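Visitor: Below is coords.cif; it holds mmCIF, C-alpha atoms and all ligand atoms.
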data_model
loop_
_atom_site.label_atom_id
_atom_site.label_comp_id
_atom_site.auth_asym_id
_atom_site.auth_seq_id
_atom_site.Cartn_x
_atom_site.Cartn_y
_atom_site.Cartn_z
CA MET X 1 88.04 271.16 130.67
CA ALA X 2 87.23 270.13 134.23
CA LEU X 3 87.42 272.72 137.00
CA ASP X 4 90.30 272.38 139.44
CA LEU X 5 89.29 270.74 142.68
CA GLU X 6 89.26 273.92 144.72
CA THR X 7 87.05 275.83 142.24
CA ARG X 8 84.73 272.86 141.98
CA THR X 9 84.37 272.59 145.75
CA GLN X 10 83.73 276.31 145.98
CA LEU X 11 81.09 276.22 143.26
CA ILE X 12 79.28 273.30 144.88
CA GLU X 13 79.38 274.95 148.28
CA THR X 14 78.09 278.25 146.89
CA VAL X 15 75.19 276.52 145.15
CA ARG X 16 74.49 274.43 148.25
CA ARG X 17 74.33 277.51 150.46
CA PHE X 18 72.11 279.36 147.97
CA VAL X 19 69.74 276.40 147.71
CA ARG X 20 69.48 275.69 151.41
CA GLU X 21 69.49 279.22 152.80
CA ARG X 22 67.75 281.17 150.04
CA LEU X 23 65.50 278.74 148.15
CA VAL X 24 64.29 276.24 150.75
CA PRO X 25 62.50 278.93 152.82
CA LEU X 26 60.62 280.03 149.68
CA GLU X 27 59.30 276.60 148.71
CA ARG X 28 55.80 277.11 150.00
CA GLN X 29 55.47 280.63 148.62
CA VAL X 30 56.57 279.52 145.16
CA SER X 31 54.05 276.72 145.21
CA ASP X 32 51.20 278.93 146.44
CA GLU X 33 51.94 281.77 144.02
CA ASP X 34 52.92 279.50 141.12
CA ALA X 35 55.90 281.77 140.44
CA VAL X 36 59.58 282.01 141.30
CA PRO X 37 60.24 285.59 142.53
CA THR X 38 62.09 287.76 140.02
CA ASP X 39 64.80 288.71 142.54
CA VAL X 40 65.58 285.00 142.98
CA VAL X 41 65.88 284.60 139.21
CA ALA X 42 68.25 287.59 139.18
CA GLU X 43 70.38 285.93 141.87
CA MET X 44 70.46 282.73 139.82
CA ARG X 45 71.79 284.79 136.91
CA GLU X 46 74.49 286.32 139.07
CA LEU X 47 75.55 282.89 140.29
CA GLY X 48 76.01 281.78 136.68
CA LEU X 49 73.40 279.02 136.98
CA PHE X 50 71.97 279.69 133.50
CA GLY X 51 75.34 279.07 131.90
CA LEU X 52 76.49 275.91 133.66
CA THR X 53 76.99 273.93 130.45
CA ILE X 54 77.75 276.68 127.95
CA PRO X 55 81.39 277.02 126.82
CA VAL X 56 83.56 279.52 128.68
CA SER X 57 84.24 281.32 125.40
CA TYR X 58 80.53 282.26 125.32
CA GLY X 59 80.37 283.32 128.96
CA GLY X 60 79.32 280.01 130.55
CA LEU X 61 80.99 277.73 133.09
CA GLU X 62 81.41 274.81 130.65
CA LEU X 63 81.00 272.18 133.35
CA THR X 64 81.86 268.60 132.60
CA MET X 65 78.96 266.14 132.81
CA GLU X 66 80.28 264.96 136.17
CA GLU X 67 80.31 268.52 137.49
CA GLU X 68 76.88 269.20 136.01
CA VAL X 69 75.25 266.24 137.76
CA MET X 70 76.90 267.27 141.02
CA ILE X 71 75.25 270.69 140.71
CA ALA X 72 71.99 269.02 139.62
CA GLN X 73 72.07 267.04 142.87
CA GLU X 74 72.51 270.26 144.85
CA LEU X 75 69.60 271.91 143.01
CA GLY X 76 67.51 268.83 143.73
CA TRP X 77 67.62 269.57 147.46
CA THR X 78 64.74 272.03 147.01
CA SER X 79 61.48 272.28 145.03
CA PRO X 80 62.23 271.20 141.46
CA ALA X 81 60.45 274.34 140.20
CA PHE X 82 63.59 276.33 141.03
CA ARG X 83 65.77 274.10 138.85
CA SER X 84 63.29 274.46 136.06
CA VAL X 85 64.05 278.20 135.88
CA VAL X 86 67.55 277.43 134.59
CA GLY X 87 66.90 273.86 133.43
CA THR X 88 66.17 274.55 129.78
CA ASN X 89 69.12 276.96 129.34
CA VAL X 90 71.42 274.41 130.96
CA GLY X 91 70.00 271.43 129.12
CA ILE X 92 67.56 270.74 126.34
CA GLY X 93 67.06 274.36 125.22
CA SER X 94 70.72 275.26 124.68
CA GLN X 95 72.52 272.03 123.95
CA GLY X 96 71.34 271.73 120.34
CA ILE X 97 73.07 275.06 119.65
CA VAL X 98 76.18 274.02 121.59
CA MET X 99 76.38 270.71 119.72
CA ASP X 100 75.37 271.61 116.17
CA GLY X 101 75.12 275.41 116.00
CA ARG X 102 77.00 277.31 113.31
CA PRO X 103 79.51 279.95 114.57
CA GLU X 104 77.06 282.83 113.94
CA GLN X 105 74.29 281.00 115.83
CA LYS X 106 76.60 280.32 118.75
CA ASP X 107 77.96 283.88 118.78
CA TYR X 108 74.47 285.34 118.81
CA TRP X 109 72.62 283.06 121.22
CA LEU X 110 75.03 281.39 123.62
CA PRO X 111 76.21 284.50 125.52
CA LYS X 112 72.58 285.52 126.03
CA LEU X 113 71.65 282.02 127.24
CA ALA X 114 74.69 281.78 129.50
CA SER X 115 73.86 285.05 131.24
CA GLY X 116 70.15 284.23 131.48
CA GLU X 117 69.25 287.33 129.49
CA VAL X 118 67.37 284.99 127.13
CA VAL X 119 65.54 281.78 128.07
CA ALA X 120 65.58 278.84 125.66
CA SER X 121 62.93 276.12 125.30
CA PHE X 122 63.02 272.77 123.53
CA CYS X 123 60.12 272.17 121.12
CA LEU X 124 59.88 268.46 120.35
CA THR X 125 56.64 267.11 121.86
CA GLU X 126 53.35 267.58 120.01
CA PRO X 127 49.71 266.69 120.67
CA GLU X 128 50.12 263.52 118.58
CA ALA X 129 53.84 262.89 119.12
CA GLY X 130 55.06 262.28 122.67
CA SER X 131 57.03 259.09 123.16
CA ASP X 132 56.96 258.52 119.39
CA ALA X 133 58.92 261.69 118.80
CA ALA X 134 59.97 260.76 115.24
CA SER X 135 56.34 260.95 114.09
CA LEU X 136 56.10 264.69 114.71
CA ARG X 137 53.86 266.61 112.30
CA THR X 138 55.04 270.22 112.56
CA THR X 139 56.37 271.16 109.13
CA ALA X 140 59.05 273.61 108.03
CA ILE X 141 58.79 273.81 104.26
CA ARG X 142 61.39 275.68 102.26
CA HIS X 143 60.07 278.56 100.14
CA GLY X 144 62.84 280.59 98.49
CA ASP X 145 64.69 282.51 101.20
CA HIS X 146 62.73 281.13 104.17
CA TYR X 147 60.94 278.15 105.70
CA LEU X 148 57.21 278.26 106.35
CA VAL X 149 56.50 276.64 109.73
CA ASN X 150 53.13 275.21 110.75
CA GLY X 151 52.21 273.06 113.73
CA THR X 152 51.67 272.88 117.47
CA LYS X 153 54.18 271.94 120.15
CA ARG X 154 52.86 270.78 123.51
CA TYR X 155 53.93 270.92 127.19
CA ILE X 156 56.91 273.08 126.37
CA THR X 157 58.78 274.00 129.57
CA ASN X 158 59.44 277.74 129.98
CA ALA X 159 57.75 278.56 126.65
CA ASN X 160 56.03 281.56 128.24
CA LYS X 161 59.44 283.07 129.09
CA ALA X 162 61.44 281.88 126.09
CA GLY X 163 63.27 284.20 123.73
CA VAL X 164 64.39 281.30 121.56
CA PHE X 165 63.21 277.80 120.69
CA THR X 166 65.16 274.77 119.64
CA LEU X 167 62.53 273.47 117.26
CA MET X 168 62.23 270.03 115.68
CA ALA X 169 60.11 270.14 112.50
CA ARG X 170 59.61 268.03 109.40
CA THR X 171 61.36 269.51 106.39
CA ASP X 172 60.66 266.52 104.19
CA PRO X 173 56.96 265.56 104.41
CA SER X 174 57.55 262.61 102.08
CA ASN X 175 59.77 261.09 104.79
CA LYS X 176 57.47 260.26 107.72
CA GLY X 177 60.31 258.98 109.91
CA ALA X 178 63.26 260.41 111.81
CA GLY X 179 65.18 261.27 108.61
CA GLY X 180 62.55 263.85 107.58
CA VAL X 181 63.08 265.95 110.72
CA SER X 182 65.36 268.97 111.01
CA ALA X 183 66.32 271.13 113.98
CA PHE X 184 66.16 274.92 114.08
CA VAL X 185 67.05 277.72 116.42
CA VAL X 186 64.09 280.08 116.23
CA PRO X 187 63.60 283.52 117.84
CA SER X 188 60.30 283.39 119.72
CA ASN X 189 59.21 286.81 118.40
CA LEU X 190 58.73 285.75 114.77
CA ALA X 191 55.30 286.71 113.44
CA GLY X 192 52.86 283.80 113.67
CA ILE X 193 54.24 282.24 116.87
CA SER X 194 51.81 282.23 119.78
CA ILE X 195 52.09 280.78 123.26
CA GLY X 196 49.23 279.04 125.07
CA LYS X 197 48.23 279.55 128.69
CA PRO X 198 50.38 277.67 131.23
CA GLU X 199 48.83 274.27 131.98
CA LYS X 200 47.53 273.46 135.46
CA LYS X 201 49.72 270.64 136.68
CA MET X 202 49.87 267.99 139.40
CA GLY X 203 53.03 269.48 140.90
CA GLN X 204 56.06 271.70 140.37
CA GLN X 205 54.02 274.90 140.70
CA GLY X 206 56.27 277.79 139.72
CA ALA X 207 57.49 275.88 136.66
CA HIS X 208 55.40 276.39 133.55
CA ILE X 209 54.57 274.38 130.44
CA CYS X 210 52.60 275.77 127.49
CA ASP X 211 51.66 275.06 123.90
CA VAL X 212 53.66 276.82 121.22
CA VAL X 213 51.68 277.34 118.02
CA PHE X 214 53.39 278.05 114.69
CA ASP X 215 50.95 279.51 112.20
CA ASN X 216 52.52 280.23 108.81
CA VAL X 217 55.69 281.45 110.47
CA LYS X 218 58.27 282.75 107.97
CA MET X 219 61.53 281.48 109.42
CA PRO X 220 64.87 282.55 107.89
CA LEU X 221 66.92 279.76 106.28
CA GLU X 222 69.82 280.49 108.64
CA CYS X 223 67.77 279.16 111.57
CA LEU X 224 68.64 275.59 110.49
CA LEU X 225 70.85 273.78 112.99
CA GLY X 226 73.47 271.41 111.65
CA GLU X 227 75.15 271.03 108.29
CA ARG X 228 72.01 270.04 106.41
CA GLU X 229 68.36 269.14 106.74
CA GLY X 230 67.34 265.75 108.12
CA LEU X 231 69.63 265.64 111.16
CA GLY X 232 67.17 267.09 113.67
CA PHE X 233 65.86 263.90 115.25
CA LYS X 234 69.34 262.57 115.94
CA LEU X 235 70.31 265.91 117.43
CA ALA X 236 67.23 265.78 119.69
CA MET X 237 68.26 262.30 120.84
CA ARG X 238 71.82 263.43 121.60
CA VAL X 239 70.45 266.40 123.53
CA LEU X 240 68.15 264.08 125.48
CA ASP X 241 71.00 261.68 126.33
CA ARG X 242 72.59 264.55 128.18
CA GLY X 243 69.31 265.86 129.60
CA ARG X 244 68.40 262.46 130.99
CA LEU X 245 71.59 262.32 133.02
CA HIS X 246 70.91 265.78 134.39
CA ILE X 247 67.38 264.78 135.43
CA ALA X 248 68.76 261.65 137.08
CA GLY X 249 71.06 263.90 139.12
CA VAL X 250 68.11 266.05 140.18
CA CYS X 251 66.22 262.91 141.26
CA VAL X 252 69.12 261.92 143.51
CA GLY X 253 69.11 265.41 145.02
CA VAL X 254 65.40 265.34 145.81
CA ALA X 255 65.76 261.86 147.33
CA GLU X 256 68.56 263.15 149.56
CA ARG X 257 66.35 266.00 150.75
CA LEU X 258 63.46 263.64 151.52
CA ILE X 259 65.77 261.26 153.35
CA HIS X 260 67.07 264.17 155.41
CA GLU X 261 63.51 265.20 156.32
CA CYS X 262 62.59 261.62 157.23
CA VAL X 263 65.63 261.11 159.44
CA GLU X 264 65.01 264.37 161.30
CA TYR X 265 61.35 263.50 161.77
CA ALA X 266 62.16 259.96 162.93
CA LYS X 267 64.53 261.36 165.53
CA THR X 268 61.92 263.60 167.17
CA ARG X 269 58.41 262.30 166.50
CA ARG X 270 57.24 260.18 169.42
CA GLN X 271 54.73 257.35 169.34
CA PHE X 272 54.11 254.56 171.89
CA GLY X 273 56.59 256.38 174.17
CA LYS X 274 59.48 256.13 171.72
CA ASN X 275 60.98 258.06 168.84
CA LEU X 276 59.81 256.83 165.44
CA GLY X 277 63.38 255.93 164.56
CA GLU X 278 63.43 253.24 167.23
CA PHE X 279 60.83 251.18 165.38
CA GLN X 280 62.34 248.62 163.07
CA MET X 281 59.56 249.08 160.51
CA ILE X 282 60.56 252.74 160.21
CA GLN X 283 64.23 251.76 160.11
CA SER X 284 63.44 249.37 157.29
CA MET X 285 61.94 252.19 155.22
CA LEU X 286 64.82 254.54 155.99
CA ALA X 287 67.36 251.90 155.04
CA ASP X 288 65.59 251.15 151.76
CA CYS X 289 65.53 254.86 150.88
CA ARG X 290 69.22 255.25 151.65
CA THR X 291 70.24 252.14 149.75
CA GLU X 292 68.30 253.07 146.63
CA ALA X 293 69.40 256.71 146.64
CA TYR X 294 73.02 255.64 147.06
CA ALA X 295 72.70 253.17 144.18
CA ALA X 296 71.20 255.87 141.97
CA LYS X 297 73.92 258.34 142.91
CA CYS X 298 76.66 255.82 142.03
CA MET X 299 74.95 255.11 138.71
CA VAL X 300 74.54 258.78 137.81
CA MET X 301 78.13 259.63 138.70
CA ASP X 302 79.49 256.63 136.77
CA ALA X 303 77.41 257.45 133.69
CA ALA X 304 78.45 261.11 133.85
CA ARG X 305 82.14 260.23 134.11
CA LYS X 306 81.80 257.81 131.19
CA ARG X 307 80.23 260.57 129.12
CA ASP X 308 83.15 262.86 129.91
CA GLU X 309 85.57 260.11 128.88
CA LYS X 310 83.98 258.64 125.79
CA GLY X 311 81.06 260.79 124.61
CA ALA X 312 78.04 258.66 123.77
CA VAL X 313 76.35 257.11 126.80
CA THR X 314 72.87 256.39 125.48
CA ILE X 315 72.36 253.20 127.49
CA GLU X 316 73.94 254.53 130.70
CA ALA X 317 71.89 257.75 130.54
CA SER X 318 68.67 255.80 130.09
CA CYS X 319 69.57 253.38 132.92
CA ALA X 320 70.34 256.31 135.22
CA LYS X 321 67.19 258.26 134.34
CA TYR X 322 65.00 255.15 134.60
CA PHE X 323 66.39 254.01 137.94
CA ALA X 324 66.77 257.42 139.59
CA SER X 325 63.30 258.67 138.64
CA GLU X 326 61.62 255.45 139.81
CA MET X 327 63.78 255.50 142.94
CA VAL X 328 62.76 259.02 143.94
CA GLY X 329 59.11 258.05 143.44
CA ARG X 330 59.53 255.20 145.91
CA VAL X 331 61.45 257.41 148.34
CA ALA X 332 58.73 260.10 148.21
CA ASP X 333 56.09 257.45 148.82
CA LYS X 334 57.96 256.14 151.88
CA ALA X 335 58.47 259.71 153.11
CA VAL X 336 54.69 260.25 153.12
CA GLN X 337 54.33 256.95 155.01
CA ILE X 338 56.97 257.82 157.61
CA PHE X 339 55.38 261.23 158.19
CA GLY X 340 51.94 259.59 158.40
CA GLY X 341 49.10 262.10 158.57
CA ALA X 342 51.63 264.95 158.46
CA GLY X 343 52.93 263.55 155.19
CA TYR X 344 49.53 264.08 153.64
CA VAL X 345 49.11 267.62 154.97
CA ALA X 346 50.41 270.54 152.92
CA ASP X 347 52.12 272.35 155.83
CA TYR X 348 54.94 269.81 156.01
CA GLY X 349 55.80 269.98 152.33
CA ILE X 350 56.23 266.21 151.94
CA GLU X 351 53.07 265.77 149.87
CA ARG X 352 54.30 268.58 147.60
CA PHE X 353 57.53 266.70 146.87
CA TYR X 354 55.47 263.53 146.33
CA ARG X 355 53.54 265.35 143.58
CA ASP X 356 56.61 267.17 142.25
CA VAL X 357 58.65 264.02 141.59
CA ARG X 358 55.95 262.23 139.61
CA ILE X 359 56.90 263.98 136.39
CA PHE X 360 60.48 262.68 136.53
CA ARG X 361 59.18 259.28 135.39
CA ILE X 362 57.54 260.92 132.39
CA TYR X 363 59.40 263.87 130.90
CA GLU X 364 62.59 263.63 128.82
CA GLY X 365 61.38 260.11 128.03
CA THR X 366 59.05 257.93 130.11
CA SER X 367 60.38 254.99 132.10
CA GLN X 368 58.97 252.74 129.41
CA ILE X 369 60.90 254.62 126.71
CA GLN X 370 64.08 254.27 128.79
CA GLN X 371 63.44 250.51 128.97
CA VAL X 372 63.02 250.41 125.19
CA VAL X 373 66.26 252.34 124.67
CA ILE X 374 68.18 250.16 127.14
CA ALA X 375 67.01 246.88 125.59
CA ARG X 376 67.66 248.12 122.04
CA GLU X 377 71.19 249.13 122.93
CA MET X 378 71.83 245.76 124.60
CA LEU X 379 70.53 243.84 121.60
CA ALA X 380 72.67 245.98 119.29
CA GLY X 381 75.75 245.01 121.30
CA ARG X 382 76.22 248.43 122.88
CA ASP X 383 75.94 247.37 126.50
CA VAL X 384 77.29 249.28 129.52
N1 LIG X 401 72.01 259.43 119.74
C1 LIG X 401 72.24 259.56 118.41
N2 LIG X 401 71.43 259.03 117.46
C2 LIG X 401 70.33 258.38 117.88
C3 LIG X 401 70.02 258.22 119.24
C4 LIG X 401 70.91 258.77 120.18
N3 LIG X 401 70.68 258.66 121.49
N4 LIG X 401 68.88 257.52 119.35
C5 LIG X 401 68.47 257.24 118.10
N5 LIG X 401 69.36 257.76 117.20
C6 LIG X 401 69.32 257.66 115.75
C7 LIG X 401 69.23 256.20 115.34
O1 LIG X 401 70.54 255.63 115.27
C8 LIG X 401 68.56 256.28 114.00
O2 LIG X 401 69.53 256.62 113.02
P1 LIG X 401 69.58 255.87 111.58
O3 LIG X 401 68.24 256.17 110.96
O4 LIG X 401 70.73 256.52 110.89
O5 LIG X 401 69.76 254.43 111.89
C9 LIG X 401 67.61 257.46 114.15
O6 LIG X 401 68.11 258.24 115.25
C10 LIG X 401 66.20 257.01 114.47
O7 LIG X 401 66.27 256.25 115.65
P2 LIG X 401 65.23 255.09 115.98
O8 LIG X 401 64.99 254.25 114.76
O9 LIG X 401 65.67 254.41 117.22
O10 LIG X 401 63.90 255.96 116.24
P3 LIG X 401 62.48 255.55 116.81
O11 LIG X 401 61.45 256.31 116.10
O12 LIG X 401 62.35 254.06 116.87
O13 LIG X 401 62.48 256.18 118.31
C11 LIG X 401 62.85 256.45 120.64
C12 LIG X 401 63.39 256.02 119.26
C13 LIG X 401 61.56 255.78 121.02
C14 LIG X 401 63.96 256.03 121.58
C15 LIG X 401 62.70 258.00 120.63
O14 LIG X 401 61.60 258.40 119.86
C16 LIG X 401 62.54 258.61 122.03
O15 LIG X 401 63.52 258.79 122.76
N6 LIG X 401 61.29 258.92 122.40
C17 LIG X 401 61.03 259.69 123.64
C18 LIG X 401 61.08 261.14 123.32
C19 LIG X 401 61.18 261.94 124.57
O16 LIG X 401 62.06 261.76 125.39
N7 LIG X 401 60.25 262.85 124.70
C20 LIG X 401 60.24 263.70 125.83
C21 LIG X 401 59.97 265.07 125.38
S1 LIG X 401 61.31 266.06 125.35
S2 LIG X 401 61.22 266.86 127.17
#
Just give me the structure of the file as C-alpha cells.
Guide:
Amino acid sequence: MALDLETRTQLIETVRRFVRERLVPLERQVSDEDAVPTDVVAEMRELGLFGLTIPVSYGGLELTMEEEVMIAQELGWTSPAFRSVVGTNVGIGSQGIVMDGRPEQKDYWLPKLASGEVVASFCLTEPEAGSDAASLRTTAIRHGDHYLVNGTKRYITNANKAGVFTLMARTDPSNKGAGGVSAFVVPSNLAGISIGKPEKKMGQQGAHICDVVFDNVKMPLECLLGEREGLGFKLAMRVLDRGRLHIAGVCVGVAERLIHECVEYAKTRRQFGKNLGEFQMIQSMLADCRTEAYAAKCMVMDAARKRDEKGAVTIEASCAKYFASEMVGRVADKAVQIFGGAGYVADYGIERFYRDVRIFRIYEGTSQIQQVVIAREMLAGRDV
C-alpha cells in the first residue's frame, strides 16, 4: 500500500538530506579508495534503505514502484556507487524471493535483506551468456536430496559481500532454451562456491563486480524458487522489468545532479568578459539537458504508476530504461563540454560522472536489448 503523503514527503526529504549532506562530500574519497566507508553503510541500514521494496511484514518499507523511483532519483544525485550498496537488496537480488519465494524462504531471508544484515546478489550473466540470458550454461542437476551446481557467473554486483544469491541455472540440460532454466535462492557459504577478485572498471569505483564460481556445489532442494523447475528465466525477466525502472530513476537523478552543476558553473565561470550562461551556445546545451531529463522523468514516473496500477509493464520499463540511460549519457557528455578543460580534470568530478553513467546503457539489459524488447512487445500487440 502506498505511503500517506506526509510520510512519503518525509522519507524523500530524509533521503535527500542524507544524500546531499552526507554522501556528496564523500564522492571523491569513495572513488579514490574504491570503497564505501562502513559507517556510511551502517547509516544506510538505519535509514531503512536496504529494505525499500521488501514487504512491511518482513521489516521493509514496501514502497510502491512510484515511491521507489522517487527514492532512486534522490539516490542518483550522488555517485552511483552509493546506490549500488543497497541496489541489489532493493532490486534484482531480493525481488525473486519477494515474487516467487515460498513462505519459509521469505521468513528466513527477507528480514535479513530488509535490515541489510545480509546482502543479496543476482546471478544471471555468464562468460558466454550476457544479452542472450536464456542460453546460460550453469547447471543445477538433481541428485536425490540435493542439486549439484556447476558453472561460472560473471560481473555479479556485490558478490564479494553477498550472503545469498538469486541464481539462475539450467535444471534441464536437454532443454537449451528459457524453459530449461530454474531460479534458486542460495546461501553464499555453501561448500564449492568461490568469489573472484573485484574487476577493475571504467567507473563507479566503490561498487564491485566479481565472478561467482560454482564447483560441484551441493545445494539443498528447498533452495528452488517458485512452484516447480523451469520457471527461472521468466522470473529473471519479471525481476528485470522492475530493476530497469529503478535504473531509469537513478539515471534521471544523476542527470539532475549534472544539470545542477552545469547551471551553477554557467552562472559563475567568466569568459570573454561574460558569464558562460550568457552565451547562447551554452544555453542551447543547458536547454537540451533540461528537456531530455524532464522527458525521462515523466516517462519513468508514468511507467512506475502504470506498474502500480496494472502489474506488467515490460514495454514501458524498457522504454524508460533505454531513454533515460541514453539521456544521461548525453547530459554527461554536455556537462564535460560546458565545463571545458575542468570537465576533463578529476578535481571537478564531472569526468567521474561521465565514466560512471556509461554502464547504465549496458547493465540490466543493453540499449539494444531494450530496443528488441520494445519492438517485440509492439509487434505482439502489447503497446504502451
Ligand atoms: N516477463 C515475463 N515473462 C517474460 C518476459 C517478461 N518481461 N520476457 C520474456 N518472458 C517469457 C516469454 O514470454 C517466454 O515465455 P514462453 O516460452 O512461455 O513463451 C520466455 O520468457 C522466453 O522469452 P523469449 O522467447 O523472449 O526469450 P529470448 O531468449 O528470446 O530472450 C531477451 C529475451 C533478449 C529479452 C532476454 O534474454 C533479455 O532480457 N536479455 C538481457 C538480459 C539482461 O538484462 N542481462 C543483464 C544482466 S542482469 S544485471
Visitor: Residues within 6 Å of region 328-340 of chain X, please, as a PyMOL selection string. Count only C-alpha atoms; anything in the same chain fewer than 4 positions from it doesn't count.
Guide: chain X and resi 251+255+289+354
Visitor: Could you list the protein, DNA and RNA residues that have any atom within 9 Å of ligand LIG 401 (chain X), counting only C-alpha atoms and all ligand atoms, and write them as JSON, numbers by chain?
Guide: {"X": [92, 122, 123, 124, 125, 126, 129, 130, 131, 132, 133, 134, 135, 155, 156, 157, 177, 178, 179, 231, 233, 234, 235, 236, 237, 238, 239, 240, 241, 243, 244, 312, 313, 314, 315, 362, 363, 364, 365, 366, 369, 370, 372, 373, 376]}
Visitor: Measuring atom to atom with only C-alpha atoms, identify which of X:Lys106, X:His208, X:Lys218, X:Arg361 is nearest to Asp145 (chain X).
Guide: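 Looking only at the distances to Asp145 (chain X), the closest residue turns out to be X:Lys218.
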Visitor: Name the residues in contact with region 259-266 of chain X at a cut-off of 12 Å, using all atoms listed in the file, excluding same-chain residues fewer than 3 positions from it; report them as a ChimeraX atom specification.
Guide: /X:77-78,252-256,269-271,274-283,285-294,328,330-340,342-343,348-350,353
Visitor: Could you tell me which of X:Gly206, X:Pro187, X:Gly230, X:Gly163 comes closest to Ala120 (chain X) if we count only C-alpha atoms?
Guide: X:Gly163
Visitor: Can you work out which one of X:Gly192, X:Gly311, X:Gly101, X:Gly273 has the shortest atom-to-atom distance to Leu225 (chain X), counting all atoms listed in the file?
Guide: X:Gly101
Visitor: Suppose you want the space between CA of Arg242 (chain X) and CA of Phe18 (chain X); what is it in Å?
Guide: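 Between these atoms lies a distance of 24.7 Å.
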Visitor: What does the structure give for the distance between CA of Thr171 (chain X) and CA of Thr139 (chain X), in Å to one decimal?
Guide: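 If I compute the distance from CA of Thr171 (chain X) to CA of Thr139 (chain X), I get 5.9 Å.
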Visitor: Using only C-alpha atoms, give me every residue within 12 Å of (67.5, 284.9, 131.3) in file coordinates, as a ChimeraX atom specification.
Guide: /X:38,40-46,48-51,85-90,109-121,158,161-164
Visitor: Counting only C-alpha atoms, which residue out of X:Gly249, X:Pro37, X:Pro173, X:Gly151 sits closest to Asn216 (chain X)?
Guide: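 Answer, going by the shortest atom-to-atom distance: X:Gly151.
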Visitor: CA of Arg305 (chain X) to CA of Arg382 (chain X): how many Å, to one decimal?
Guide: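 It comes out at 17.3 Å.
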Visitor: Might you pull out every residue within 6 Å of His146 (chain X), with all atoms listed in the file counted and same-chain residues fewer than 6 positions away left off, and present them as an MDAnalysis selection string?
Guide: chainID X and resid 219:221
Visitor: Using only C-alpha atoms, can you list as a ChimeraX atom specification the residues within 12 Å of (52.4, 282.9, 138.9)?
Guide: /X:29-38,81,160,197-200,204-208
Visitor: Please determine, counting only C-alpha atoms, which residue among X:Glu74, X:Glu309, X:Asp100, X:Glu316 has the shortest atom-to-atom distance to Gly232 (chain X).
Guide: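 Among the listed residues, X:Asp100 lies closest to Gly232 (chain X).
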